$ cat query-v2.cif   # mmCIF, C-alpha atoms
data_model
loop_
_atom_site.label_atom_id
_atom_site.label_comp_id
_atom_site.auth_asym_id
_atom_site.auth_seq_id
_atom_site.Cartn_x
_atom_site.Cartn_y
_atom_site.Cartn_z
CA MET A 1 21.76 -27.29 -48.44
CA ALA A 2 20.53 -25.15 -45.56
CA THR A 3 18.39 -22.25 -46.75
CA VAL A 4 17.79 -20.60 -43.40
CA PRO A 5 19.78 -17.80 -41.81
CA THR A 6 22.37 -18.24 -39.11
CA THR A 7 20.72 -18.41 -35.69
CA PRO A 8 22.00 -16.31 -32.78
CA SER A 9 23.47 -19.39 -31.08
CA GLU A 10 25.64 -20.05 -34.14
CA ARG A 11 27.13 -16.55 -34.25
CA LEU A 12 30.54 -15.49 -32.98
CA GLU A 13 29.78 -12.76 -30.48
CA SER A 14 33.25 -11.23 -30.84
CA LEU A 15 32.47 -10.39 -34.48
CA ASP A 16 29.19 -8.76 -33.44
CA VAL A 17 31.11 -6.77 -30.81
CA LEU A 18 33.65 -5.67 -33.41
CA ARG A 19 30.90 -4.70 -35.85
CA GLY A 20 29.09 -2.71 -33.17
CA ILE A 21 32.24 -0.79 -32.23
CA ALA A 22 33.11 -0.18 -35.89
CA LEU A 23 29.60 1.18 -36.44
CA PHE A 24 30.25 3.78 -33.73
CA GLY A 25 33.37 4.94 -35.58
CA VAL A 26 31.52 5.11 -38.89
CA MET A 27 28.70 7.04 -37.23
CA ALA A 28 31.10 9.53 -35.60
CA ILE A 29 32.77 10.36 -38.91
CA ASN A 30 29.51 10.60 -40.86
CA LEU A 31 28.05 12.84 -38.20
CA VAL A 32 30.97 15.27 -37.97
CA VAL A 33 31.81 15.63 -41.67
CA ALA A 34 28.53 14.96 -43.47
CA PHE A 35 25.48 15.70 -41.28
CA ARG A 36 26.86 18.58 -39.19
CA ILE A 37 28.19 20.36 -42.30
CA SER A 38 28.11 19.93 -46.07
CA LEU A 39 29.77 16.88 -47.58
CA PHE A 40 32.16 19.28 -49.36
CA GLN A 41 32.67 21.84 -46.61
CA ARG A 42 35.72 20.07 -45.20
CA TYR A 43 37.46 20.81 -48.51
CA SER A 44 36.84 24.56 -48.24
CA SER A 45 39.08 27.23 -46.73
CA ASP A 46 36.65 27.98 -43.87
CA TYR A 47 36.44 24.41 -42.57
CA LEU A 48 38.92 24.91 -39.72
CA THR A 49 37.04 27.61 -37.84
CA ASP A 50 35.97 25.71 -34.75
CA SER A 51 37.25 26.01 -31.18
CA THR A 52 40.52 24.46 -30.03
CA LEU A 53 38.63 21.50 -28.54
CA ASP A 54 36.70 20.99 -31.78
CA LEU A 55 39.88 21.12 -33.85
CA ALA A 56 41.61 18.65 -31.54
CA LEU A 57 38.68 16.21 -31.73
CA ALA A 58 38.44 16.58 -35.52
CA THR A 59 42.17 15.86 -35.82
CA LEU A 60 41.96 12.80 -33.58
CA LEU A 61 39.01 11.47 -35.56
CA TRP A 62 40.85 11.96 -38.84
CA LEU A 63 44.06 10.33 -37.60
CA PHE A 64 42.70 7.35 -35.70
CA ILE A 65 39.05 6.72 -36.68
CA GLU A 66 38.26 7.97 -40.18
CA THR A 67 38.61 5.20 -42.82
CA LYS A 68 39.84 2.77 -40.10
CA ALA A 69 36.36 2.11 -38.71
CA LEU A 70 34.95 1.84 -42.24
CA THR A 71 37.75 -0.57 -43.19
CA ILE A 72 36.81 -2.85 -40.28
CA PHE A 73 33.14 -2.60 -41.24
CA THR A 74 34.02 -3.46 -44.84
CA MET A 75 36.15 -6.49 -43.95
CA LEU A 76 33.32 -7.73 -41.72
CA PHE A 77 30.95 -7.53 -44.68
CA GLY A 78 33.32 -9.89 -46.51
CA VAL A 79 33.35 -12.15 -43.46
CA GLY A 80 29.56 -12.15 -43.56
CA LEU A 81 29.51 -13.21 -47.22
CA ALA A 82 31.95 -16.04 -46.47
CA ILE A 83 29.80 -17.22 -43.56
CA GLN A 84 26.70 -17.26 -45.76
CA ILE A 85 28.48 -19.22 -48.49
CA GLU A 86 29.66 -21.73 -45.88
CA ARG A 87 26.18 -21.91 -44.39
CA LEU A 88 24.61 -22.50 -47.80
CA GLY A 89 27.14 -25.18 -48.73
CA GLY A 90 28.80 -23.39 -51.63
CA HIS A 91 26.14 -24.74 -53.99
CA ASP A 92 25.12 -22.93 -57.19
CA LYS A 93 21.87 -22.00 -55.49
CA ALA A 94 23.92 -20.22 -52.83
CA LYS A 95 25.28 -17.85 -55.47
CA SER A 96 21.80 -17.04 -56.78
CA LEU A 97 20.57 -16.37 -53.23
CA LEU A 98 23.51 -14.08 -52.49
CA ILE A 99 23.06 -12.24 -55.78
CA ARG A 100 19.44 -11.66 -54.79
CA ARG A 101 20.60 -10.51 -51.34
CA LEU A 102 23.00 -7.97 -52.85
CA VAL A 103 20.48 -6.70 -55.39
CA ILE A 104 18.04 -6.09 -52.52
CA LEU A 105 20.81 -4.25 -50.67
CA LEU A 106 21.44 -2.14 -53.78
CA ILE A 107 17.77 -1.14 -53.95
CA ILE A 108 17.67 -0.24 -50.26
CA GLY A 109 20.93 1.69 -50.66
CA LEU A 110 19.59 3.70 -53.59
CA VAL A 111 16.47 4.60 -51.61
CA HIS A 112 18.70 5.64 -48.69
CA MET A 113 20.97 7.69 -50.97
CA LEU A 114 18.24 9.47 -52.91
CA LEU A 115 15.66 10.05 -50.18
CA ILE A 116 17.58 10.34 -46.90
CA TRP A 117 21.31 10.99 -47.20
CA PRO A 118 23.68 10.95 -50.22
CA GLY A 119 26.68 9.60 -48.29
CA ASP A 120 25.21 6.07 -48.39
CA ILE A 121 27.66 3.15 -48.32
CA LEU A 122 25.16 0.35 -49.07
CA THR A 123 25.14 0.88 -52.83
CA LEU A 124 28.93 0.59 -52.96
CA TYR A 125 28.82 -2.55 -50.82
CA ALA A 126 26.19 -4.13 -53.06
CA ILE A 127 28.13 -3.49 -56.28
CA ALA A 128 31.44 -4.55 -54.73
CA GLY A 129 29.78 -7.66 -53.32
CA LEU A 130 28.48 -8.70 -56.74
CA ILE A 131 32.04 -8.44 -58.08
CA ALA A 132 33.59 -10.22 -55.08
CA LEU A 133 31.20 -13.19 -55.38
CA ASN A 134 33.08 -14.29 -58.51
CA PHE A 135 36.11 -15.05 -56.33
CA MET A 136 34.42 -16.40 -53.21
CA PHE A 137 33.40 -19.86 -54.37
CA GLY A 138 36.93 -21.14 -54.94
CA SER A 139 39.95 -21.87 -52.80
CA ARG A 140 41.60 -19.57 -50.28
CA ASP A 141 44.30 -18.92 -52.88
CA ARG A 142 41.61 -17.58 -55.20
CA LEU A 143 40.52 -15.17 -52.47
CA VAL A 144 44.09 -13.99 -51.90
CA ASN A 145 44.79 -13.59 -55.61
CA GLY A 146 41.57 -11.65 -56.10
CA ALA A 147 42.31 -9.38 -53.13
CA LEU A 148 45.82 -8.67 -54.46
CA ILE A 149 44.53 -7.91 -57.96
CA PHE A 150 41.96 -5.39 -56.74
CA ALA A 151 44.40 -3.88 -54.24
CA ALA A 152 46.88 -3.37 -57.11
CA ILE A 153 44.15 -1.73 -59.20
CA TYR A 154 43.35 0.61 -56.33
CA ILE A 155 47.01 1.54 -55.81
CA ALA A 156 47.32 2.19 -59.54
CA PHE A 157 44.32 4.54 -59.26
CA LEU A 158 46.02 6.41 -56.43
CA VAL A 159 49.31 6.77 -58.30
CA LEU A 160 48.08 7.33 -61.85
CA TRP A 161 44.73 8.96 -61.15
CA PRO A 162 44.88 10.71 -57.76
CA TRP A 163 41.62 11.72 -56.12
CA PRO A 164 40.42 14.71 -58.16
CA ASP A 165 40.37 18.14 -56.58
CA ILE A 166 37.02 19.90 -56.51
CA ASP A 167 37.04 23.41 -57.91
CA ALA A 168 37.04 26.01 -55.12
CA LYS A 169 34.20 27.98 -56.68
CA THR A 170 32.12 24.82 -57.03
CA ILE A 171 32.68 24.01 -53.36
CA GLU A 172 31.82 27.56 -52.28
CA ALA A 173 28.61 27.63 -54.33
CA TYR A 174 27.50 24.20 -53.17
CA ASN A 175 28.23 24.96 -49.51
CA ALA A 176 26.23 28.20 -49.65
CA ASP A 177 23.23 26.46 -51.23
CA ALA A 178 23.57 23.48 -48.86
CA THR A 179 23.60 25.76 -45.82
CA ARG A 180 20.40 27.52 -46.91
CA ALA A 181 18.62 24.25 -47.71
CA HIS A 182 19.72 22.39 -44.60
CA GLU A 183 19.10 25.21 -42.14
CA SER A 184 15.55 26.05 -43.18
CA GLY A 185 14.66 24.27 -46.41
CA SER A 186 11.81 21.87 -47.04
CA PHE A 187 12.22 18.15 -47.58
CA ILE A 188 12.23 18.67 -51.36
CA GLN A 189 14.83 21.45 -51.16
CA VAL A 190 17.10 19.24 -49.07
CA LEU A 191 16.69 16.37 -51.54
CA LEU A 192 17.57 18.61 -54.48
CA ILE A 193 20.81 19.75 -52.81
CA HIS A 194 21.63 16.13 -51.98
CA TRP A 195 21.09 15.06 -55.57
CA ARG A 196 23.59 17.68 -56.71
CA ALA A 197 26.25 15.86 -54.70
CA VAL A 198 25.45 12.39 -56.05
CA PRO A 199 27.67 12.59 -59.21
CA GLU A 200 30.71 13.57 -57.11
CA ILE A 201 29.98 10.82 -54.59
CA ALA A 202 29.59 8.31 -57.43
CA THR A 203 33.08 9.30 -58.64
CA TRP A 204 34.50 8.75 -55.16
CA ASN A 205 32.78 5.36 -54.96
CA LEU A 206 34.11 4.37 -58.37
CA LEU A 207 37.66 5.16 -57.27
CA GLY A 208 37.12 3.28 -54.00
CA LEU A 209 35.42 0.25 -55.59
CA PRO A 210 38.61 -1.84 -56.11
CA GLN A 211 39.65 -1.24 -52.50
CA THR A 212 36.20 -2.30 -51.25
CA VAL A 213 36.30 -5.52 -53.29
CA ALA A 214 39.82 -6.26 -52.00
CA LEU A 215 38.71 -5.79 -48.39
CA PHE A 216 35.68 -8.04 -48.93
CA LEU A 217 37.93 -10.79 -50.26
CA PHE A 218 40.46 -10.28 -47.49
CA GLY A 219 37.68 -10.53 -44.89
CA ALA A 220 36.44 -13.73 -46.52
CA TRP A 221 40.00 -15.12 -46.44
CA ILE A 222 40.26 -14.36 -42.72
CA TRP A 223 37.09 -16.35 -42.08
CA ARG A 224 38.13 -19.24 -44.30
CA SER A 225 41.47 -19.39 -42.47
CA ASP A 226 39.74 -20.13 -39.12
CA ILE A 227 41.71 -17.36 -37.42
CA VAL A 228 38.73 -16.01 -35.50
CA GLN A 229 36.88 -19.28 -34.94
CA ASN A 230 39.89 -21.07 -33.48
CA LEU A 231 41.07 -18.39 -31.10
CA ALA A 232 42.98 -20.69 -28.76
CA ALA A 233 45.32 -21.76 -31.57
CA ASN A 234 45.68 -18.25 -33.00
CA LYS A 235 45.99 -16.11 -29.89
CA ARG A 236 49.68 -15.39 -30.49
CA LEU A 237 48.95 -14.51 -34.10
CA LEU A 238 46.29 -12.03 -33.01
CA LEU A 239 48.67 -10.51 -30.46
CA ALA A 240 51.26 -10.07 -33.20
CA VAL A 241 48.66 -8.51 -35.51
CA ALA A 242 47.64 -6.12 -32.72
CA TRP A 243 51.20 -4.92 -32.11
CA ILE A 244 52.42 -4.87 -35.71
CA GLY A 245 49.18 -3.43 -37.07
CA CYS A 246 49.04 -0.55 -34.59
CA LEU A 247 52.75 0.31 -34.59
CA GLY A 248 53.17 -0.18 -38.33
CA GLY A 249 49.94 1.67 -39.04
CA LEU A 250 51.00 4.66 -36.95
CA THR A 251 54.39 4.76 -38.70
CA LEU A 252 52.76 4.70 -42.13
CA LEU A 253 50.24 7.30 -40.98
CA LEU A 254 53.03 9.67 -40.02
CA ALA A 255 54.83 9.04 -43.32
CA GLY A 256 51.61 9.58 -45.26
CA THR A 257 50.82 12.90 -43.62
CA LEU A 258 54.31 14.15 -44.55
CA ALA A 259 54.28 12.81 -48.13
CA ASP A 260 53.38 14.66 -51.32
CA TYR A 261 49.68 14.26 -52.09
CA ALA A 262 50.05 15.26 -55.73
CA SER A 263 52.27 12.28 -56.50
CA GLY A 264 49.81 9.76 -55.08
CA ARG A 265 52.45 8.56 -52.60
CA ALA A 266 50.52 9.96 -49.66
CA GLY A 267 47.40 8.09 -50.72
CA VAL A 268 49.24 4.77 -50.87
CA LEU A 269 50.90 5.28 -47.47
CA LEU A 270 47.66 6.38 -45.82
CA SER A 271 45.77 3.43 -47.32
CA LEU A 272 48.38 1.01 -45.95
CA SER A 273 48.24 2.71 -42.55
CA MET A 274 44.46 2.44 -42.62
CA ILE A 275 44.63 -1.32 -43.14
CA GLY A 276 47.35 -1.76 -40.52
CA LEU A 277 45.43 0.17 -37.88
CA ALA A 278 42.14 -1.52 -38.78
CA LEU A 279 43.74 -4.95 -38.34
CA GLY A 280 45.41 -3.86 -35.11
CA TYR A 281 42.17 -2.48 -33.69
CA SER A 282 40.27 -5.61 -34.75
CA ALA A 283 42.76 -7.96 -33.11
CA ILE A 284 42.61 -5.99 -29.86
CA VAL A 285 38.80 -6.01 -29.78
CA ILE A 286 38.60 -9.75 -30.53
CA LEU A 287 41.19 -10.59 -27.88
CA VAL A 288 39.47 -8.44 -25.24
CA ALA A 289 36.01 -9.71 -26.19
CA ASN A 290 37.19 -13.29 -25.68
CA GLY A 291 39.08 -12.49 -22.49
CA PRO A 292 37.89 -13.03 -18.90
CA HIS A 293 36.22 -9.62 -18.76
CA GLY A 294 35.06 -9.49 -22.37
CA GLN A 295 31.34 -9.70 -21.69
CA LYS A 296 31.53 -7.07 -18.95
CA TRP A 297 33.61 -4.60 -20.95
CA LEU A 298 32.39 -5.09 -24.51
CA GLY A 299 29.21 -7.17 -24.35
CA TRP A 300 27.09 -4.04 -24.79
CA ALA A 301 28.35 -3.69 -28.38
CA ALA A 302 27.18 -7.13 -29.56
CA PRO A 303 23.46 -6.26 -29.92
CA VAL A 304 24.39 -3.09 -31.83
CA GLY A 305 26.52 -5.20 -34.18
CA ARG A 306 23.82 -7.81 -34.69
CA MET A 307 21.45 -5.02 -35.72
CA ALA A 308 24.05 -2.99 -37.64
CA PHE A 309 21.88 -2.70 -40.78
CA THR A 310 18.91 -1.39 -38.80
CA ASN A 311 21.06 0.90 -36.67
CA TYR A 312 22.95 2.34 -39.66
CA LEU A 313 19.74 3.34 -41.44
CA ALA A 314 18.15 4.55 -38.19
CA GLN A 315 21.15 6.83 -37.58
CA SER A 316 20.63 8.47 -40.97
CA VAL A 317 16.95 9.13 -40.24
CA ILE A 318 17.64 10.44 -36.71
CA PHE A 319 20.51 12.71 -37.74
CA ALA A 320 18.59 13.99 -40.76
CA LEU A 321 15.76 15.03 -38.41
CA ILE A 322 18.24 16.71 -36.07
CA PHE A 323 20.41 18.55 -38.59
CA PHE A 324 18.36 19.12 -41.74
CA GLY A 325 15.90 21.93 -42.41
CA TYR A 326 12.77 19.78 -42.34
CA GLY A 327 13.75 18.78 -38.77
CA LEU A 328 15.48 20.81 -36.06
CA GLY A 329 17.77 22.51 -38.58
CA LEU A 330 20.97 22.36 -36.50
CA PHE A 331 23.06 22.10 -39.64
CA ASN A 332 26.25 24.22 -39.53
CA ARG A 333 25.38 25.46 -36.02
CA LEU A 334 27.27 23.02 -33.78
CA GLY A 335 30.95 22.32 -33.26
CA VAL A 336 32.57 18.90 -33.35
CA ALA A 337 32.36 18.35 -29.58
CA ALA A 338 28.65 19.15 -29.33
CA THR A 339 27.92 17.05 -32.41
CA LEU A 340 29.82 14.08 -31.00
CA ALA A 341 27.90 14.41 -27.75
CA ILE A 342 24.65 14.03 -29.71
CA GLY A 343 26.08 11.05 -31.57
CA ILE A 344 27.16 9.32 -28.35
CA ALA A 345 23.70 9.84 -26.87
CA VAL A 346 22.00 8.39 -29.97
CA TYR A 347 24.41 5.44 -30.05
CA ALA A 348 23.84 4.73 -26.34
CA LEU A 349 20.08 4.71 -26.92
CA GLN A 350 20.58 2.34 -29.86
CA ALA A 351 22.65 0.01 -27.67
CA VAL A 352 19.87 -0.13 -25.08
CA ALA A 353 17.15 -0.48 -27.72
CA SER A 354 19.08 -3.20 -29.61
CA ALA A 355 19.55 -5.27 -26.44
CA TRP A 356 15.87 -4.89 -25.58
CA TRP A 357 14.76 -5.81 -29.09
CA LEU A 358 16.97 -8.89 -29.40
CA ARG A 359 15.75 -10.29 -26.11
CA ARG A 360 12.35 -10.58 -27.80
CA HIS A 361 13.16 -11.01 -31.49
CA ARG A 362 15.52 -13.15 -33.52
CA PHE A 363 16.72 -10.34 -35.79
CA GLY A 364 16.60 -6.58 -36.14
CA PRO A 365 13.74 -5.20 -38.30
CA MET A 366 15.87 -4.50 -41.40
CA GLU A 367 17.86 -7.73 -40.92
CA TRP A 368 14.58 -9.64 -40.78
CA LEU A 369 13.25 -7.92 -43.92
CA TRP A 370 16.53 -8.46 -45.79
CA ARG A 371 16.62 -12.16 -44.92
CA SER A 372 12.96 -12.69 -45.73
CA LEU A 373 13.34 -11.09 -49.18
CA MET A 374 16.55 -13.02 -49.83
CA TYR A 375 15.09 -16.45 -49.01
CA GLY A 376 11.66 -15.64 -50.39
CA VAL A 377 10.14 -16.96 -47.16
CA ARG A 378 8.89 -14.99 -44.18
CA GLN A 379 11.51 -15.57 -41.50
CA PRO A 380 10.63 -16.21 -37.84
CA TRP A 381 10.11 -12.87 -36.14
CA GLN A 382 9.93 -13.47 -32.41
CA LYS A 383 11.99 -15.81 -30.30
#
$ encode --input "query-v2.cif" --output "structure tokens"
Amino acid sequence: MATVPTTPSERLESLDVLRGIALFGVMAINLVVAFRISLFQRYSSDYLTDSTLDLALATLLWLFIETKALTIFTMLFGVGLAIQIERLGGHDKAKSLLIRRLVILLIIGLVHMLLIWPGDILTLYAIAGLIALNFMFGSRDRLVNGALIFAAIYIAFLVLWPWPDIDAKTIEAYNADATRAHESGSFIQVLLIHWRAVPEIATWNLLGLPQTVALFLFGAWIWRSDIVQNLAANKRLLLAVAWIGCLGGLTLLLAGTLADYASGRAGVLLSLSMIGLALGYSAIVILVANGPHGQKWLGWAAPVGRMAFTNYLAQSVIFALIFFGYGLGLFNRLGVAATLAIGIAVYALQAVASAWWLRRHRFGPMEWLWRSLMYGVRQPWQK
């Protein structure tokens, strides 16, 4: 059994490209709805007070990026687990190594949530990964059955236990305190306001846990089916996924926006549209990345994707220093367009820095640390 990480030469660059592009979408949403303003401000009556351009950009992000980019990112995490199981030979020791890997991720996620930003996704990924591992060491049918079971649980949540509304007075009070803390508060004051949001975020994550597990298992099934690895034989399938996913996803998106939210029907339709669009986007990116101009058009995203863990955490630190009171304190002072401009600049710098770093090192800093702790052996650092 191999107990060393996948080397760069063994990676599929198209998956790194897809991960890098998905990270941009995740960053854009986090920046606009969670660093620029309070996590709960979008649920208040004064959320839609920006300029026409800002409202248009916010609407486009909600329709075409929000949840779709995160869905791609989540499926790719499942792909990553499947690759590691394959790399480790499916042996019992592989499971213990991956459990250790996910526990380490949970610890890092809790530090990120409690000390930097409460909207952390790593803790949810770690818990969902520990659940998904129970289905990943069997056949492809086991993966499909597990994905269907957890998808059904999630749909049942949406229908029988719709996402709870937050009391208007609670939102108003939290937003007022968050604005004061984030505009001029100390590090401790910002942490205290973040910790107040943790119980609500934990509830959201609990409701989203079955969906996350289902997407992990679905991503693992995609890898085990050789759809991405054997592109020549599956090009027509990917073309079909691109067309059906985008067109079907847009149709479901329209139906979901017109449906009754109280009944849970809207949640089901929007979740299906999210998956359809995520699959459609993914197929397009993979086809373009493997096309004749793939390296020229999308090669810049591969280093960002290879260092997604490092870049995700770095974004939180950078945006906290820009928007929170212990930094520049730009919280609640910028519109969507100006905020996105900052995000694009930071992402562009990360793309340049990631390419520079990976020309000299085998892994990103956090990827190197994560692998070293997982294997219990200091991994090679430089090329």
$ closest_residue --input "query-v2.cif" --among "A:Ile275, A:Met366, A:Met307, A:Ile188" --to "Gly325 (chain A)" --atoms "only C-alpha atoms"
A:Ile188
$ closest_residue --input "query-v2.cif" --among "A:Leu253, A:Leu124, A:Gly248, A:Arg333" --to "Leu207 (chain A)" --atoms "only C-alpha atoms"
A:Leu124
$ closest_residue --input "query-v2.cif" --among "A:Ala126, A:Leu31, A:Val111, A:Ile37" --to "Thr74 (chain A)" --atoms "all atoms listed in the file"
A:Ala126
$ atom_distance --input "query-v2.cif" --atom1 "CA of Ala341 (chain A)" --atom2 "CA of Ile72 (chain A)"
23.1 Å
$ resolve_selection --input "query-v2.cif" --expression "the PyMOL selection byres ((chain A and resi 152-158) around 12)" --output "PyMOL selection string"
chain A and resi 145-151+159-164+204-215+261-272
$ closest_residue --input "query-v2.cif" --among "A:Ser372, A:Asn332, A:Ser186, A:Gln229" --to "Leu39 (chain A)" --atoms "only C-alpha atoms"
A:Asn332
$ atom_distance --input "query-v2.cif" --atom1 "CA of Arg362 (chain A)" --atom2 "CA of Leu12 (chain A)"
15.2 Å
$ resolve_selection --input "query-v2.cif" --expression "the PyMOL selection byres ((chain A and resi 282-294) around 9)" --output "tab-separated table (two decimals) with C-alpha atoms, in the frame of the given file"
chain	number	residue	atom	x	y	z
A	13	GLU	CA	29.78	-12.76	-30.48
A	14	SER	CA	33.25	-11.23	-30.84
A	15	LEU	CA	32.47	-10.39	-34.48
A	17	VAL	CA	31.11	-6.77	-30.81
A	18	LEU	CA	33.65	-5.67	-33.41
A	21	ILE	CA	32.24	-0.79	-32.23
A	72	ILE	CA	36.81	-2.85	-40.28
A	228	VAL	CA	38.73	-16.01	-35.50
A	231	LEU	CA	41.07	-18.39	-31.10
A	235	LYS	CA	45.99	-16.11	-29.89
A	238	LEU	CA	46.29	-12.03	-33.01
A	239	LEU	CA	48.67	-10.51	-30.46
A	240	ALA	CA	51.26	-10.07	-33.20
A	241	VAL	CA	48.66	-8.51	-35.51
A	242	ALA	CA	47.64	-6.12	-32.72
A	243	TRP	CA	51.20	-4.92	-32.11
A	245	GLY	CA	49.18	-3.43	-37.07
A	277	LEU	CA	45.43	0.17	-37.88
A	278	ALA	CA	42.14	-1.52	-38.78
A	279	LEU	CA	43.74	-4.95	-38.34
A	280	GLY	CA	45.41	-3.86	-35.11
A	281	TYR	CA	42.17	-2.48	-33.69
A	295	GLN	CA	31.34	-9.70	-21.69
A	296	LYS	CA	31.53	-7.07	-18.95
A	297	TRP	CA	33.61	-4.60	-20.95
A	298	LEU	CA	32.39	-5.09	-24.51
A	299	GLY	CA	29.21	-7.17	-24.35
$ closest_residue --input "query-v2.cif" --among "A:Ala69, A:Ala168, A:Leu340, A:Ile107" --to "Gly20 (chain A)" --atoms "all atoms listed in the file"
A:Ala69
$ resolve_selection --input "query-v2.cif" --expression "the PyMOL selection byres ((chain A and resi 141) around 12)" --output "ChimeraX atom specification"
/A:135-140,142-148,217-218,220-222,224-225
$ write_last_selection --input "query-v2.cif" --atoms "C-alpha atoms" --output "short mmCIF file (atom, residue, chain, number, x, y, z; two decimals), in the frame of the given file"
data_model
loop_
_atom_site.label_atom_id
_atom_site.label_comp_id
_atom_site.auth_asym_id
_atom_site.auth_seq_id
_atom_site.Cartn_x
_atom_site.Cartn_y
_atom_site.Cartn_z
CA PHE A 135 36.11 -15.05 -56.33
CA MET A 136 34.42 -16.40 -53.21
CA PHE A 137 33.40 -19.86 -54.37
CA GLY A 138 36.93 -21.14 -54.94
CA SER A 139 39.95 -21.87 -52.80
CA ARG A 140 41.60 -19.57 -50.28
CA ARG A 142 41.61 -17.58 -55.20
CA LEU A 143 40.52 -15.17 -52.47
CA VAL A 144 44.09 -13.99 -51.90
CA ASN A 145 44.79 -13.59 -55.61
CA GLY A 146 41.57 -11.65 -56.10
CA ALA A 147 42.31 -9.38 -53.13
CA LEU A 148 45.82 -8.67 -54.46
CA LEU A 217 37.93 -10.79 -50.26
CA PHE A 218 40.46 -10.28 -47.49
CA ALA A 220 36.44 -13.73 -46.52
CA TRP A 221 40.00 -15.12 -46.44
CA ILE A 222 40.26 -14.36 -42.72
CA ARG A 224 38.13 -19.24 -44.30
CA SER A 225 41.47 -19.39 -42.47
#
$ atom_distance --input "query-v2.cif" --atom1 "CA of Leu313 (chain A)" --atom2 "CA of His112 (chain A)"
7.7 Å
$ closest_residue --input "query-v2.cif" --among "A:Val103, A:Ile171, A:Leu76, A:Val346" --to "Tyr312 (chain A)" --atoms "all atoms listed in the file"
A:Val346
$ residues_around --input "query-v2.cif" --residues "region 348-361 of chain A" --least-positions-apart "3" --cutoff "10 Å" --atoms "all atoms listed in the file" --output "list in words"
Pro8, Gly20, Phe24, Trp300, Ala301, Ala302, Pro303, Val304, Gly305, Arg306, Met307, Ala308, Thr310, Asn311, Ala314, Gln315, Ile342, Gly343, Ile344, Ala345, Gly364, Pro365, Trp368, Pro380, Trp381, Gln382 and Lys383 of chain A
$ residues_around --input "query-v2.cif" --residues "Gln379 (chain A)" --least-positions-apart "4" --cutoff "10 Å" --atoms "only C-alpha atoms" --output "list of chain:residue names"
A:Val4, A:Pro5, A:Arg362, A:Phe363, A:Trp368, A:Leu369, A:Trp370, A:Arg371, A:Ser372, A:Leu373, A:Tyr375
$ write_last_selection --input "query-v2.cif" --atoms "C-alpha atoms" --output "PDB file, keeping the file's coordinate frame"
ATOM      1  CA  VAL A   4      17.790 -20.600 -43.400  1.00  0.00           C
ATOM      2  CA  PRO A   5      19.780 -17.800 -41.810  1.00  0.00           C
ATOM      3  CA  ARG A 362      15.520 -13.150 -33.520  1.00  0.00           C
ATOM      4  CA  PHE A 363      16.720 -10.340 -35.790  1.00  0.00           C
ATOM      5  CA  TRP A 368      14.580  -9.640 -40.780  1.00  0.00           C
ATOM      6  CA  LEU A 369      13.250  -7.920 -43.920  1.00  0.00           C
ATOM      7  CA  TRP A 370      16.530  -8.460 -45.790  1.00  0.00           C
ATOM      8  CA  ARG A 371      16.620 -12.160 -44.920  1.00  0.00           C
ATOM      9  CA  SER A 372      12.960 -12.690 -45.730  1.00  0.00           C
ATOM     10  CA  LEU A 373      13.340 -11.090 -49.180  1.00  0.00           C
ATOM     11  CA  TYR A 375      15.090 -16.450 -49.010  1.00  0.00           C
TER      12      TYR A 375
END
$ residues_around --input "query-v2.cif" --residues "region 52-55 of chain A" --least-positions-apart "3" --cutoff "7 Å" --atoms "only C-alpha atoms" --output "PyMOL selection string"
chain A and resi 58-59+335-337
$ residues_around --input "query-v2.cif" --residues "Leu98 (chain A)" --least-positions-apart "4" --cutoff "12 Å" --atoms "only C-alpha atoms" --output "count of residues only"
34
$ residues_around --input "query-v2.cif" --residues "region 115-117 of chain A" --least-positions-apart "2" --cutoff "10 Å" --atoms "only C-alpha atoms" --output "count of residues only"
23
$ build_atoms --input "query-v2.cif" --residues "region 55-62 of chain A" --atoms "N, CA and C atoms" --output "short mmCIF file (atom, residue, chain, number, x, y, z; two decimals), in the coordinates of the input"
data_model
loop_
_atom_site.label_atom_id
_atom_site.label_comp_id
_atom_site.auth_asym_id
_atom_site.auth_seq_id
_atom_site.Cartn_x
_atom_site.Cartn_y
_atom_site.Cartn_z
N LEU A 55 38.79 21.43 -32.92
CA LEU A 55 39.88 21.12 -33.85
C LEU A 55 40.67 19.90 -33.38
N ALA A 56 40.89 19.80 -32.08
CA ALA A 56 41.61 18.65 -31.54
C ALA A 56 40.82 17.37 -31.77
N LEU A 57 39.51 17.40 -31.52
CA LEU A 57 38.68 16.21 -31.73
C LEU A 57 38.62 15.84 -33.21
N ALA A 58 38.48 16.85 -34.08
CA ALA A 58 38.44 16.58 -35.52
C ALA A 58 39.75 15.94 -35.98
N THR A 59 40.87 16.42 -35.45
CA THR A 59 42.17 15.86 -35.82
C THR A 59 42.31 14.42 -35.34
N LEU A 60 41.89 14.16 -34.11
CA LEU A 60 41.96 12.80 -33.58
C LEU A 60 41.07 11.84 -34.38
N LEU A 61 39.90 12.31 -34.75
CA LEU A 61 39.01 11.47 -35.56
C LEU A 61 39.63 11.16 -36.91
N TRP A 62 40.24 12.18 -37.53
CA TRP A 62 40.85 11.96 -38.84
C TRP A 62 42.03 10.99 -38.74
#
